[in-house]
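Participant: I'd like to ask you about the structure that follows.
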Amino acid sequence: MPLLFPLVLASVLFGIGVYVVLARRHAVLVLMGVELMLNAVNLNLVAFDAWWHDTLDSGQVLALFVIAIAAAEIGLGLAIVLLVFRTHRHVDVDRLRELADRDVPSSELDRLYQRAAVDQRAGAS
């Protein structure tokens, strides 16, 4: 089998995954897009391993590591999505702002640092 077929399929899968990650706002669909991209990478690894006839099968071994990492990523990602749904009753990525980095005015930031220093001194004594 020519190497071109799996490479074209992997690039189509990767392109669909990128589109889903960039265009969708539902957190579960974003996770599915990431999984599509990881599967495209796995397909490339196995295709190049078969093409080069590697005696160590390093492409297939690397693909197994990517599968393990993808399983851990989807488990952690779904746990975060479930926690967000329990607290906010939605999983819209654009509407989630609690985890965003907020600009804090410098005067308020100085006050927070002073309060933390006072609390630290009170706890040390």
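How things are named: the first chain in the structure tokens is A, the next is B, and so on; residues count from 1 in each chain; ligands count from 1 in the order shown.
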Might you pull out every residue within 8 Å of stretch 75-91 of chain A, with only C-alpha atoms counted and same-chain residues fewer than 6 positions away left off, and present them as JSON, numbers by chain?
Facilitator: {"A": [26, 27, 28, 31]}
Participant: Extract, using only C-alpha atoms, all DNA, RNA and protein residues at most 9 Å from A:Val66, discarding same-chain residues fewer than 4 positions from it, and format them as a list in words.
Facilitator: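 After dropping sequence-adjacent residues, the list is Leu38, Asn39, Val41, Asn42, Val61, Leu62, Ala70 and Ala71 of chain A.
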Participant: Produce a file of the selected residues containing N, CA and C atoms, as a PDB file, in the first residue's frame.
Facilitator:
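out_9.pdb written:
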```
ATOM      1  N   LEU A  38      -5.121  13.584  17.827  1.00  0.00           N
ATOM      2  CA  LEU A  38      -4.206  12.561  18.344  1.00  0.00           C
ATOM      3  C   LEU A  38      -4.288  11.275  17.529  1.00  0.00           C
ATOM      4  N   ASN A  39      -5.479  10.925  17.054  1.00  0.00           N
ATOM      5  CA  ASN A  39      -5.605   9.737  16.209  1.00  0.00           C
ATOM      6  C   ASN A  39      -4.932   9.940  14.860  1.00  0.00           C
ATOM      7  N   VAL A  41      -2.228  11.702  14.444  1.00  0.00           N
ATOM      8  CA  VAL A  41      -0.803  11.516  14.759  1.00  0.00           C
ATOM      9  C   VAL A  41      -0.477  10.031  14.870  1.00  0.00           C
ATOM     10  N   ASN A  42      -1.363   9.258  15.502  1.00  0.00           N
ATOM     11  CA  ASN A  42      -1.141   7.811  15.611  1.00  0.00           C
ATOM     12  C   ASN A  42      -1.106   7.154  14.239  1.00  0.00           C
ATOM     13  N   VAL A  61       5.202   1.573  18.997  1.00  0.00           N
ATOM     14  CA  VAL A  61       5.385   1.766  20.438  1.00  0.00           C
ATOM     15  C   VAL A  61       5.041   3.200  20.815  1.00  0.00           C
ATOM     16  N   LEU A  62       5.486   4.147  20.012  1.00  0.00           N
ATOM     17  CA  LEU A  62       5.152   5.550  20.259  1.00  0.00           C
ATOM     18  C   LEU A  62       3.645   5.776  20.158  1.00  0.00           C
ATOM     19  N   ALA A  70      -3.661   9.931  25.548  1.00  0.00           N
ATOM     20  CA  ALA A  70      -4.990  10.371  25.130  1.00  0.00           C
ATOM     21  C   ALA A  70      -6.061   9.867  26.095  1.00  0.00           C
ATOM     22  N   ALA A  71      -5.902   8.646  26.591  1.00  0.00           N
ATOM     23  CA  ALA A  71      -6.872   8.119  27.550  1.00  0.00           C
ATOM     24  C   ALA A  71      -6.843   8.915  28.855  1.00  0.00           C
TER      25      ALA A  71
END
```
Participant: How many Å separate atom CA of A:Leu9 from atom CA of A:Trp51?
Facilitator: 15.6 Å
Participant: Report, in Å to a single decimal, how far apart atom CA of A:Leu43 and atom CA of A:Gly17 are.
Facilitator: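 Computing it gives 13.8 Å between the two atoms.
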Participant: Show which residues sit within 7 Å of A:Val30, as a count of residues only. Count only C-alpha atoms, and ignore same-chain residues fewer than 6 positions away.
Facilitator: 3
Participant: Need the shell around A:Leu45: protein/DNA/RNA residues with any atom at most 7 Å away, counting only C-alpha atoms. Skip same-chain ones fewer than 6 positions apart. Format as a list in words?
Facilitator: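 Residues near the query, excluding close chain neighbours: Gly59, Gln60 and Ala63 of chain A.
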Participant: Those residues you just picked out, can you put them in a file as a compact mmCIF listing (two decimals), in the first residue's frame with N, CA and C atoms?
Facilitator:
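The resulting selection_7.txt:
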```txt
# COMPACT_ATOMS: atom_id res chain seq x y z
N GLY A 59 7.58 3.22 15.86
CA GLY A 59 6.38 4.01 15.57
C GLY A 59 5.16 3.45 16.26
N GLN A 60 5.05 2.12 16.28
CA GLN A 60 3.91 1.50 16.95
C GLN A 60 4.00 1.65 18.47
N ALA A 63 2.99 5.09 19.22
CA ALA A 63 1.54 5.20 19.09
C ALA A 63 0.84 4.68 20.34
```
Participant: List the neighbours of A:Pro2 out to 10 Å using only C-alpha atoms; skip same-chain residues closer than 3 positions along the sequence, and give me the result as a PyMOL selection string.
Facilitator: chain A and resi 5-7+47+51
Participant: Any chance you can output those residues with C-alpha atoms as a PDB file, in the first residue's frame?
Facilitator:
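Output file out-v8.pdb follows:
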```pdb
ATOM      1  CA  PHE A   5      -3.200   7.013   1.423  1.00  0.00           C
ATOM      2  CA  PRO A   6      -2.630   6.984   5.198  1.00  0.00           C
ATOM      3  CA  LEU A   7      -0.979  10.410   5.043  1.00  0.00           C
ATOM      4  CA  ALA A  47       2.187   4.430   8.592  1.00  0.00           C
ATOM      5  CA  TRP A  51       6.953   2.269   5.448  1.00  0.00           C
TER       6      TRP A  51
END
```
Participant: For A:Ala40, please output as a short mmCIF file (atom, residue, chain, number, x, y, z; two decimals) with N, CA and C atoms, in the first residue's frame all residues within 8 Å (counting only C-alpha atoms; exclusion window: fewer than 5 positions along the same chain).
Facilitator:
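Wrote it out as result_21.cif, contents follow:
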```cif
data_model
loop_
_atom_site.label_atom_id
_atom_site.label_comp_id
_atom_site.auth_asym_id
_atom_site.auth_seq_id
_atom_site.Cartn_x
_atom_site.Cartn_y
_atom_site.Cartn_z
N LEU A 9 -5.34 10.55 4.65
CA LEU A 9 -6.38 10.31 5.66
C LEU A 9 -6.02 10.98 6.98
N ALA A 10 -4.75 10.89 7.37
CA ALA A 10 -4.33 11.52 8.63
C ALA A 10 -4.43 13.04 8.54
N SER A 11 -4.08 13.61 7.40
CA SER A 11 -4.19 15.06 7.28
C SER A 11 -5.64 15.52 7.28
N LEU A 13 -8.11 13.91 8.87
CA LEU A 13 -8.52 13.77 10.27
C LEU A 13 -7.99 14.92 11.11
N PHE A 14 -6.74 15.28 10.90
CA PHE A 14 -6.15 16.37 11.67
C PHE A 14 -6.84 17.70 11.35
#
```
Participant: Could you go through stretch 32-118 of chain A and tell me which residues DSSP, when run on the backbone, assigns to helix (DSSP H, G or I), listing them as a count of residues only?
Facilitator: 65
Participant: Atom CA of A:Val12 to atom CA of A:Ser58: how many Å, to one decimal?
Facilitator: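 Computing the Euclidean distance for atom CA of A:Val12 and atom CA of A:Ser58 yields 23.9 Å.
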